[in-house]
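A quick write-up on the structure given underneath.
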Amino acid sequence: MPHAVLDSSEFVLEAPDAFRVNGRAYTSQAVFDLEQKRIFEKTWIYVAHESELQAPGDFKTAHLGSQPVIVVRDAAGAINVLSNRCAHRGVAVCRERAGHTRAFVCPYHSWSYDLTGKLTGIPGRDDAGGYAEGFQQPEGLFKLPSVANYRGFVFASASPDVVPIDVFLAGGAAQLIDRKLQQSPVGRIRLQGEPFIGVYQGNWKFQSENIVDGYHFMHTHRAFVSLQNKYGDTTGDFGVHKGGSTADMRRNRLSGNVLGSPYGHGINQKPAVGFDALFEGPYADYYARLTSRHGLEETQWIVGAGAACIFPNFGMIHNQLRVWRPLAPGLTEVTVFPYVLEDVPDSFNQGLMRSHERFYGPAGYGAADDVEVFAMAQQGLRASLDDWLIMERGMHAETRLDSGEIEGKPSSETVHRAFWRRWRDLMDHPDGGQP
Ligand SMILES: [Fe+2]
């Protein structure tokens with residue numbers, strides 16, 4: 001069925017001094033359906049970290065928007081991304097979130113596939129009631145045409161025409177990933193434990209916006225701020241939300257900058273707070289090692305607080321990778337994968353994990369605030385008589401860089417405008433518009 005044509009000017013209004021987004025962009029089923037085709041099937045989508053797929057036969061399941069896929073390392077060491085759908089009658093051939101296998105066998109009639117997706121067995125193929133001689137046997141599971149690996153981060157696309165991954169991530173996105181990896185002296189991270197999976201009652205784009213929203217912290221997370229004000233930062237050097245008093249925390253939020261990419265990514269980064277004191281602390285050796293390798297100034301950014309929304313639905317913040325999946329216009333699944341650093345003291349990684357749990361874990365003080373706001377936004381947008389949202393904060397105080405990126409102040413909505421410009425371009429172009 002052909003998709004309805006939508007006019008993106010009904011959803012995004014931009015003028016030199018104004019930027020407005022229509023509330024229906026978050027609530028409309030027609031928008032949601034078109035996003036699946038024009039965004040999730042056209043651009044790069046993050047599907048795995050290499051540390052989840054160490055040996056041949058290691059696999060995990062993932063999604064490109066609504067499309068379920070299996071990500072698997074084959075016997076030759078290559079990573080394949082395959083539709084999780086039997087070629088016979090469409091049944092999902094993989095039921096586990098992640099694991100290790102030699103083959104994928106459909107639970108319905110046991111058609112089997114190897115680790116490259118090739119069909120290797122049809123039970124009773126040549127029975128009297130089986131398939132005739134001229135039977136057009138399918139090759140196997142549908143294999144996604146584009147797979148790329150940026151420093152261990154695996155992306156896939158249903159489109160054969162995507163730009164090279166280095167071009168997609170060029171600028172602040174690649175720099176943020178690099179900096180996160182450089183927190184490890186050997187440049188490697190390892191996912192830790194089982195991911196934490198939750199669902200919220202709001203649109204998926206709220207999460208894309210929020211993970212790099214420098215404006216909301218002191219407001220949405222008021223309870224966390226006052227707890228920390230009262231009891232102090234209990235996670236020492238590991239806290240991404242550092243600082244004792246409310247005034248300190250407010251001041252910290254005003255440091256650093258944000259970057260918006262022509263490919264829709266948003267980056268929000270701050271240099272480390274209390275940097276000099278780190279060289280007096282229990283991990284002085286670690287910080288000295290990083291400094292001798294990267295220099296003083298860059299190390300301050302490497303160990304500072306950095307967050308990214310890699311367009312459209314992958315994020316990095318603190319020591320976690322985050323993926324959010326659209327289920328319906330008002331329903332989204334979020335999966336949080338905490339990670340630890342290779343080649344640092346065990347106690348350092350334990351500190352990172354405790355700090356992570358304190359804010360983002362199932363019993364954390366912070367993440368619940370955001371999802372509550374997402375649900376309240378979805379509720380508020382039902383009041384659609386006055387339907388335009390204001391997204392022009394900091395528009396008068398930003399700089400266009402040679403890279404084509406736009407740099408803004410820490411609490412500016414520069415990152416959100418970058419997201420929506422890219423959203424608008426993709427929604428307007430059935431063949432995946434390039435910026
Ligand atoms: Fe938040």
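Chain lettering (A, B, ...) mirrors the order of the structure tokens, residue numbering begins at 1 for each chain separately, and ligand numbering begins at 1 in order of display.
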### Task
Taking only C-alpha atoms and all ligand atoms into account, report as a VMD selection string which residues have an atom no farther than 7 Å from an atom of ligand 1.
chain A and resid 210 to 211 216 to 217 220 to 221 366 to 367 369 to 370
Keeping only N, CA and C atoms, write the selected residues to a file as a PDB file, in the first residue's frame.
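Below is the file out23.pdb, written as the result:
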ATOM      1  N   ASN A 210      15.960  14.265  24.398  1.00  0.00           N
ATOM      2  CA  ASN A 210      16.275  14.412  25.824  1.00  0.00           C
ATOM      3  C   ASN A 210      17.706  14.040  26.181  1.00  0.00           C
ATOM      4  N   ILE A 211      18.271  13.032  25.485  1.00  0.00           N
ATOM      5  CA  ILE A 211      19.586  12.534  25.914  1.00  0.00           C
ATOM      6  C   ILE A 211      20.675  13.608  25.753  1.00  0.00           C
ATOM      7  N   HIS A 216      17.247  20.779  30.526  1.00  0.00           N
ATOM      8  CA  HIS A 216      16.235  20.207  31.422  1.00  0.00           C
ATOM      9  C   HIS A 216      16.759  19.788  32.789  1.00  0.00           C
ATOM     10  N   PHE A 217      18.065  19.532  32.900  1.00  0.00           N
ATOM     11  CA  PHE A 217      18.575  18.780  34.059  1.00  0.00           C
ATOM     12  C   PHE A 217      18.167  19.369  35.412  1.00  0.00           C
ATOM     13  N   THR A 220      13.937  19.014  35.495  1.00  0.00           N
ATOM     14  CA  THR A 220      13.335  17.670  35.516  1.00  0.00           C
ATOM     15  C   THR A 220      13.862  16.856  36.691  1.00  0.00           C
ATOM     16  N   HIS A 221      15.169  17.013  36.996  1.00  0.00           N
ATOM     17  CA  HIS A 221      15.814  16.172  38.012  1.00  0.00           C
ATOM     18  C   HIS A 221      15.993  16.931  39.337  1.00  0.00           C
ATOM     19  N   GLY A 366      17.370   9.095  38.670  1.00  0.00           N
ATOM     20  CA  GLY A 366      17.266  10.076  37.592  1.00  0.00           C
ATOM     21  C   GLY A 366      16.398   9.683  36.418  1.00  0.00           C
ATOM     22  N   ALA A 367      16.666   8.496  35.838  1.00  0.00           N
ATOM     23  CA  ALA A 367      16.057   8.138  34.548  1.00  0.00           C
ATOM     24  C   ALA A 367      14.529   8.154  34.605  1.00  0.00           C
ATOM     25  N   ASP A 369      12.623  10.215  36.060  1.00  0.00           N
ATOM     26  CA  ASP A 369      12.106  11.575  35.859  1.00  0.00           C
ATOM     27  C   ASP A 369      11.846  11.836  34.376  1.00  0.00           C
ATOM     28  N   ASP A 370      12.800  11.415  33.545  1.00  0.00           N
ATOM     29  CA  ASP A 370      12.687  11.687  32.110  1.00  0.00           C
ATOM     30  C   ASP A 370      11.502  10.957  31.490  1.00  0.00           C
TER      31      ASP A 370
END
### Message
Show me, as a PyMOL selection string, the residues that have an atom within 7 Å of segment 331-344 of chain A when counting only C-alpha atoms, minus same-chain residues fewer than 2 positions from it.
### Response
chain A and resi 184-186+188-192+195-204+319-329+346+348-349
### Message
Under the rule that only C-alpha atoms are counted, which of A:Asn149, A:Gln434, A:Ser159, A:Thr116 is the nearest residue to Arg421 of chain A?
### Response
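When distances to Arg421 of chain A are compared using only C-alpha atoms, the smallest one comes from A:Gln434.
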### Task
Enumerate as a VMD selection string all residues of segment 225-356 of chain A assigned to helix (DSSP H, G or I) by DSSP on the backbone, naming them with the chain letters and numbers the document uses.
chain A and resid 225 to 231 236 to 238 246 to 253 275 to 278 284 to 294 296 to 302 346 to 356
### Message
What parts of segment 37-277 of chain A does DSSP call strand (DSSP E or B)? I'd like the answer as a PyMOL selection string.
### Response
chain A and resi 45-49+58-64+67-73+79-83+98-100+104-105+112-113+118-121+140+143+146-150+153-157+189-191+196-200+257-260+266-270
### Task
Work out how far apart atom CA of Ser157 of chain A and atom CA of Trp44 of chain A are and give it in Å to one decimal.
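Computing it gives 4.9 Å between the two atoms.
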### Atomic distance atom CA of Tyr150 of chain A - atom CA of Cys86 of chain A, expressed in Å with one decimal
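Value for the atom CA of Tyr150 of chain A-atom CA of Cys86 of chain A distance: 29.5 Å.
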### Pick from A:Gly214, A:Gly295, A:Gly171, A:Pro282 nearest to Pro262 of chain A, counting only C-alpha atoms
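Of A:Gly214, A:Gly295, A:Gly171, A:Pro282, the one nearest Pro262 of chain A is A:Gly171, counting only C-alpha atoms.
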### Query
In Å, with one decimal, what is the gap from atom CA of His416 of chain A to atom CA of Val225 of chain A?
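Taking atom CA of His416 of chain A as the start and atom CA of Val225 of chain A as the end point, the length is 24.3 Å.
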### Task
Rank A:Asn252, A:Asn313, A:Asn268, A:Gln379 by their smallest atom-to-atom distance to Ser208 of chain A, using only C-alpha atoms, and report the top residue only.
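Nearest candidate to Ser208 of chain A out of A:Asn252, A:Asn313, A:Asn268, A:Gln379: A:Asn313.
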### Query
Restricting the calculation to only C-alpha atoms, which member of A:Val105, A:Ala170, A:Thr43, A:His100 is positioned closest to Ser146 of chain A?
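Looking only at the distances to Ser146 of chain A, the closest residue turns out to be A:Thr43.
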### Message
I'd like the contact shell of Pro271 of chain A - 10 Å cut-off, only C-alpha atoms, skipping same-chain residues fewer than 4 positions apart - returned as a VMD selection string.
### Response
chain A and resid 252 255 to 257 275 297 to 306
Emit the selected residues as an mmCIF file, in the first residue's frame, including N, CA and C atoms.
data_model
loop_
_atom_site.group_PDB
_atom_site.id
_atom_site.type_symbol
_atom_site.label_atom_id
_atom_site.label_comp_id
_atom_site.auth_asym_id
_atom_site.auth_seq_id
_atom_site.Cartn_x
_atom_site.Cartn_y
_atom_site.Cartn_z
ATOM 1 N N ASN A 252 28.041 24.014 36.671
ATOM 2 C CA ASN A 252 28.581 22.951 35.812
ATOM 3 C C ASN A 252 27.762 22.770 34.543
ATOM 4 N N SER A 255 28.873 24.819 31.493
ATOM 5 C CA SER A 255 30.173 24.656 30.828
ATOM 6 C C SER A 255 30.014 23.763 29.593
ATOM 7 N N GLY A 256 31.041 23.794 28.726
ATOM 8 C CA GLY A 256 31.016 22.949 27.537
ATOM 9 C C GLY A 256 30.206 23.550 26.406
ATOM 10 N N ASN A 257 29.770 22.679 25.485
ATOM 11 C CA ASN A 257 29.030 23.158 24.317
ATOM 12 C C ASN A 257 28.141 22.038 23.765
ATOM 13 N N PHE A 275 39.162 18.920 37.623
ATOM 14 C CA PHE A 275 40.142 18.113 36.895
ATOM 15 C C PHE A 275 41.464 17.976 37.663
ATOM 16 N N GLU A 297 44.745 19.124 27.831
ATOM 17 C CA GLU A 297 43.451 19.706 27.456
ATOM 18 C C GLU A 297 42.481 18.650 26.934
ATOM 19 N N GLU A 298 42.993 17.792 26.040
ATOM 20 C CA GLU A 298 42.112 16.762 25.470
ATOM 21 C C GLU A 298 41.648 15.779 26.550
ATOM 22 N N THR A 299 42.548 15.462 27.492
ATOM 23 C CA THR A 299 42.161 14.530 28.565
ATOM 24 C C THR A 299 41.014 15.097 29.396
ATOM 25 N N GLN A 300 41.024 16.410 29.560
ATOM 26 C CA GLN A 300 39.944 17.058 30.311
ATOM 27 C C GLN A 300 38.579 16.807 29.634
ATOM 28 N N TRP A 301 38.575 16.771 28.304
ATOM 29 C CA TRP A 301 37.336 16.467 27.574
ATOM 30 C C TRP A 301 37.050 14.964 27.621
ATOM 31 N N ILE A 302 38.101 14.145 27.484
ATOM 32 C CA ILE A 302 37.913 12.685 27.467
ATOM 33 C C ILE A 302 37.244 12.219 28.751
ATOM 34 N N VAL A 303 37.681 12.753 29.884
ATOM 35 C CA VAL A 303 37.123 12.278 31.161
ATOM 36 C C VAL A 303 35.980 13.167 31.645
ATOM 37 N N GLY A 304 35.577 14.118 30.825
ATOM 38 C CA GLY A 304 34.437 14.961 31.180
ATOM 39 C C GLY A 304 33.118 14.236 30.904
ATOM 40 N N ALA A 305 32.030 15.006 30.885
ATOM 41 C CA ALA A 305 30.711 14.416 30.664
ATOM 42 C C ALA A 305 30.308 14.624 29.215
ATOM 43 N N GLY A 306 30.155 13.537 28.474
ATOM 44 C CA GLY A 306 29.762 13.657 27.069
ATOM 45 C C GLY A 306 28.526 12.823 26.801
#
### Query
Could you pull the residues within 12 Å of Ala78 of chain A, counting only C-alpha atoms, minus those fewer than 5 positions along the same chain, as a PyMOL selection string?
chain A and resi 50+53-59+71-73+115-116+147-149+154
### Task
Would you please work out which residue, of A:Met427, A:Leu64, A:Ala87, A:Leu381, is nearest to Gly330 of chain A when using only C-alpha atoms?
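So, comparing all the options, the nearest one is A:Leu381.
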